[in-house]
Each structure stands twice: as structure tokens, then as C-alpha cells.
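Student: Quick one: this structure, given as C-alpha cells, is what I'll be asking you about.
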Amino acid sequence: MIIDTIHNISKYSALHPMFTKAFDYIQNLDMNNLKMGTFPIQNQDIFAIINESAMGTIENTHLEAHNQYIDIQVPFSKTEMFGWAPRSILRNPLTEYDEIEDIQYFKDHYSFTFELQPENFVIFFPLDAHAPCLGEGNILKLVIKIKVIP
């Protein structure tokens with residue numbers, strides 16, 4: 001997992017061959033003309049999801065993990081809290097892995113929680129189990145999905 005400010009995002013380009021395209025998308029996003037939906041950046045290898053999500057409590061959210069995609073998440077409208085745990089310690093799956101949706105949920109507790117401000121981003125790799133959207137109300141956010149192996 002990586003947490004930093006948007007101003008430093010390009011410093012992580014060397015970590016994955018497609019990060020530069022994803023970072024360019026984030027840096028060139030027109031915040032005054034956001035449209036909700038899913039937007040291809042490079043076929044199915046990189047795509048962006050802009051949506052407004054309902055936030056939940058620690059009691060009613062679960063850790064999730066992905067096998068095929070890396071997540072870059074950026075909150076736009078307000079502070080977002082996340083739960084996190086290393087996937088290697090999870091022992092209580094809530095669901096089987098869904099290959100089509102690239103997601104599996106777990107009942108395990110978070111190792112810790114953290115808050116992300118709108119000027120920050122987080123990158124979750126397949127080794128990171130995470131619980132996004134912890135808080136009250138709704139949040140406008142961006143999630144970019146990047147194929148682990150292009």
C-alpha cells in the first residue's frame with residue numbers, strides 16, 4: 001500500500017509500466033466537469049470509475065481484496081476512512097473469489113484504519129486487503145483499476 005499526496009503521484013511511475021497513464025488521467029481530470037461512470041483509459045488494462053458511494057461503519061463493512069487489478073483511490077468530496085490488513089493474515093473469507101468482478105470479501109478485522117483527505121491518494125496492491133468508504137453520508141471518489149500483468 002502507498003499513501004501520498006496527488007502532488008507526488010508521478011514519483012511512483014516506475015513501480016508499474018501502466019502507472020504513468022493512470023497518473024496522467026488523475027492529474028488531467030477536470031474537477032469542474034466530472035461525469036459519473038466507468039471510463040476506459042487503455043482497453044481493459046486501465047479504467048477509471050467515478051462515482052458517489054454511500055459510506056458505512058466499521059461494523060457493516062468488510063475487507064476486500066483483488067487478484068487481477070491494482071486500485072488507486074482518490075476521495076474528491078470529503079475525507080474518507082479506510083480499513084487495511086495484509087492479505088496474508090486473513091483467515092475468514094466471507095465470499096469465494098469472484099473472478100469476473102475480481103473481488104473477494106473477508107470477515108477478518110482490520111489491522112488498522114487511516115483517513116485520506118481529498119488531496120491524497122492510496123494505491124492498493126493484491127497483497128492489500130482494504131475496506132473503503134468508512135464514514136458518514138456519501139462520498140464522490142475516483143477509483144482507477146490497473147491490470148497487475150498487462
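Labeling convention for the C-alpha cells: chains A, B, ... as they appear, residues from 1 per chain, ligands from 1 in order of appearance.
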Enumerate, as a ChimeraX atom specification, the complete set of residues in region 25-136 of chain A that a backbone-based DSSP assignment places in strand (DSSP E).
Tutor: /A:37-42,46-54,63-65,69-75,80-86,104-106,112-116,120-124,128-134
Student: If DSSP is run on the backbone, what residues of chain A are helix (DSSP H, G or I)? A reply as a ChimeraX atom specification would be ideal.
Tutor: /A:6-15,19-27,31-33,58-60,87-89
Student: Report the closest atom pair, with its distance in Å rounded to one decimal, for each residue of region 119-142 of chain A that has an atom no farther than 12 Å from region 30-33 of chain A; count only C-alpha atoms, sort by chain and then rising residue number, and write it as JSON lines.
Tutor:
```
{"residue": "A:Leu140", "atom": "CA", "partner": "A:Met31", "partner_atom": "CA", "distance": 11.0}
{"residue": "A:Lys141", "atom": "CA", "partner": "A:Met31", "partner_atom": "CA", "distance": 11.0}
{"residue": "A:Leu142", "atom": "CA", "partner": "A:Met31", "partner_atom": "CA", "distance": 11.0}
```
Student: Export N, CA and C atoms of the chosen residues as a PDB file, in the first residue's frame?
Tutor:
```pdb
ATOM      1  N   LEU A 140     -17.932  11.368  -3.085  1.00  0.00           N
ATOM      2  CA  LEU A 140     -17.581  11.373  -4.506  1.00  0.00           C
ATOM      3  C   LEU A 140     -16.113  10.982  -4.589  1.00  0.00           C
ATOM      4  N   LYS A 141     -15.817   9.952  -5.391  1.00  0.00           N
ATOM      5  CA  LYS A 141     -14.445   9.465  -5.433  1.00  0.00           C
ATOM      6  C   LYS A 141     -14.097   8.885  -6.793  1.00  0.00           C
ATOM      7  N   LEU A 142     -12.811   8.704  -6.978  1.00  0.00           N
ATOM      8  CA  LEU A 142     -12.246   8.093  -8.175  1.00  0.00           C
ATOM      9  C   LEU A 142     -11.529   6.812  -7.777  1.00  0.00           C
TER      10      LEU A 142
END
```
Student: A:Pro40, A:Gly137, A:Pro93, A:Pro126: which is nearest Glu80 (chain A), counting only C-alpha atoms?
Tutor: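 Counting only C-alpha atoms, the residue closest to Glu80 (chain A) is A:Gly137.
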Student: Using only C-alpha atoms, what does the table of region 72-109 of chain A residues within 12 Å of region 6-29 of chain A look like, with each row giving the shortest atom pair and its distance in Å to one decimal, sorted by chain and ascending number, as a Markdown table?
Tutor:
```
| residue | atom | partner | partner_atom | distance |
| --- | --- | --- | --- | --- |
| A:Ile72 | CA | A:Ala22 | CA | 8.6 |
| A:Gln73 | CA | A:Ile26 | CA | 10.1 |
| A:Val74 | CA | A:Ile6 | CA | 8.7 |
| A:Pro75 | CA | A:Ile6 | CA | 10.9 |
| A:Phe76 | CA | A:Leu29 | CA | 11.3 |
```
Student: Just checking: using only C-alpha atoms, which residue out of A:Ile49, A:Ile149, A:Leu94, A:Leu34 ends up closest to Phe125 (chain A)?
Tutor: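 Of all the options, A:Ile149 lies closest to Phe125 (chain A).
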Student: Which polymer residues have any atom within 6 Å of an atom of Tyr105 (chain A), counting only C-alpha atoms, with same-chain residues fewer than 2 positions away left out, as a ChimeraX atom specification?
Tutor: /A:63-64,94-95
Student: List the neighbours of Met81 (chain A) out to 9 Å using only C-alpha atoms; skip same-chain residues closer than 6 positions along the sequence, and give me the result as an mmCIF file with all heavy atoms, in the first residue's frame.
Tutor:
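That gives us selection36.cif:
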```
data_model
loop_
_atom_site.group_PDB
_atom_site.id
_atom_site.type_symbol
_atom_site.label_atom_id
_atom_site.label_comp_id
_atom_site.auth_asym_id
_atom_site.auth_seq_id
_atom_site.Cartn_x
_atom_site.Cartn_y
_atom_site.Cartn_z
ATOM 1 N N THR A 113 -6.869 1.436 10.731
ATOM 2 C CA THR A 113 -7.641 2.326 9.865
ATOM 3 C C THR A 113 -6.829 3.593 9.642
ATOM 4 O O THR A 113 -5.944 3.929 10.428
ATOM 5 C CB THR A 113 -9.008 2.693 10.481
ATOM 6 O OG1 THR A 113 -8.795 3.345 11.726
ATOM 7 C CG2 THR A 113 -9.874 1.467 10.674
ATOM 8 N N PHE A 114 -7.144 4.277 8.554
ATOM 9 C CA PHE A 114 -6.500 5.553 8.261
ATOM 10 C C PHE A 114 -7.468 6.425 7.484
ATOM 11 O O PHE A 114 -8.416 5.934 6.871
ATOM 12 C CB PHE A 114 -5.188 5.357 7.491
ATOM 13 C CG PHE A 114 -5.364 4.749 6.118
ATOM 14 C CD1 PHE A 114 -5.507 5.542 4.996
ATOM 15 C CD2 PHE A 114 -5.389 3.368 5.960
ATOM 16 C CE1 PHE A 114 -5.661 4.977 3.741
ATOM 17 C CE2 PHE A 114 -5.553 2.794 4.711
ATOM 18 C CZ PHE A 114 -5.687 3.599 3.593
ATOM 19 N N GLU A 115 -7.221 7.727 7.534
ATOM 20 C CA GLU A 115 -8.042 8.687 6.798
ATOM 21 C C GLU A 115 -7.270 9.228 5.609
ATOM 22 O O GLU A 115 -6.056 9.426 5.675
ATOM 23 C CB GLU A 115 -8.438 9.853 7.700
ATOM 24 C CG GLU A 115 -9.436 9.484 8.750
ATOM 25 C CD GLU A 115 -9.912 10.684 9.542
ATOM 26 O OE1 GLU A 115 -9.296 11.772 9.463
ATOM 27 O OE2 GLU A 115 -10.909 10.537 10.254
ATOM 28 N N LEU A 116 -8.007 9.472 4.534
ATOM 29 C CA LEU A 116 -7.440 10.045 3.324
ATOM 30 C C LEU A 116 -8.182 11.336 3.021
ATOM 31 O O LEU A 116 -9.417 11.337 2.943
ATOM 32 C CB LEU A 116 -7.615 9.042 2.187
ATOM 33 C CG LEU A 116 -6.599 9.024 1.069
ATOM 34 C CD1 LEU A 116 -5.208 8.737 1.572
ATOM 35 C CD2 LEU A 116 -6.997 7.987 0.034
ATOM 36 N N GLN A 117 -7.451 12.419 2.858
ATOM 37 C CA GLN A 117 -8.027 13.716 2.507
ATOM 38 C C GLN A 117 -8.188 13.801 0.993
ATOM 39 O O GLN A 117 -7.520 13.081 0.242
ATOM 40 C CB GLN A 117 -7.101 14.848 2.983
ATOM 41 C CG GLN A 117 -6.762 14.808 4.452
ATOM 42 C CD GLN A 117 -7.976 14.990 5.331
ATOM 43 O OE1 GLN A 117 -8.852 15.789 5.038
ATOM 44 N NE2 GLN A 117 -8.038 14.234 6.414
ATOM 45 N N ALA A 131 -10.835 -1.889 3.219
ATOM 46 C CA ALA A 131 -12.262 -1.600 3.387
ATOM 47 C C ALA A 131 -12.434 -0.102 3.135
ATOM 48 O O ALA A 131 -12.135 0.716 4.007
ATOM 49 C CB ALA A 131 -12.721 -1.972 4.784
ATOM 50 N N PRO A 132 -12.876 0.275 1.940
ATOM 51 C CA PRO A 132 -13.058 1.690 1.630
ATOM 52 C C PRO A 132 -14.398 2.210 2.144
ATOM 53 O O PRO A 132 -15.228 1.457 2.646
ATOM 54 C CB PRO A 132 -13.012 1.704 0.104
ATOM 55 C CG PRO A 132 -13.556 0.372 -0.295
ATOM 56 C CD PRO A 132 -13.118 -0.585 0.798
ATOM 57 N N CYS A 133 -14.570 3.505 1.984
ATOM 58 C CA CYS A 133 -15.859 4.166 2.238
ATOM 59 C C CYS A 133 -16.338 4.034 3.681
ATOM 60 O O CYS A 133 -17.520 3.792 3.932
ATOM 61 C CB CYS A 133 -16.927 3.669 1.279
ATOM 62 S SG CYS A 133 -16.587 4.059 -0.442
ATOM 63 N N LEU A 134 -15.427 4.207 4.626
ATOM 64 C CA LEU A 134 -15.832 4.234 6.024
ATOM 65 C C LEU A 134 -16.095 5.688 6.414
ATOM 66 O O LEU A 134 -15.240 6.551 6.222
ATOM 67 C CB LEU A 134 -14.735 3.660 6.921
ATOM 68 C CG LEU A 134 -14.398 2.190 6.705
ATOM 69 C CD1 LEU A 134 -13.193 1.800 7.547
ATOM 70 C CD2 LEU A 134 -15.578 1.316 7.026
ATOM 71 N N GLY A 135 -17.275 5.946 6.923
ATOM 72 C CA GLY A 135 -17.638 7.304 7.318
ATOM 73 C C GLY A 135 -19.136 7.485 7.252
ATOM 74 O O GLY A 135 -19.896 6.513 7.187
#
```
Student: Write out as a list of chain:residue names the residues lying within 9 Å of Ile3 (chain A), counting only C-alpha atoms and excluding same-chain residues fewer than 5 positions away.
Tutor: A:Leu116, A:Asn120, A:Phe121, A:Val122, A:Ile123
Student: Which one of A:Ile70, A:Ile139, A:Ile100, A:Val148 sits closest to Ala54 (chain A) if you count only C-alpha atoms?
Tutor: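 When distances to Ala54 (chain A) are compared using only C-alpha atoms, the smallest one comes from A:Ile139.
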Student: Between A:Tyr97, A:Lys145, A:Glu52, A:Met36, single out the one closest to Lys78 (chain A), counting only C-alpha atoms.
Tutor: A:Glu52
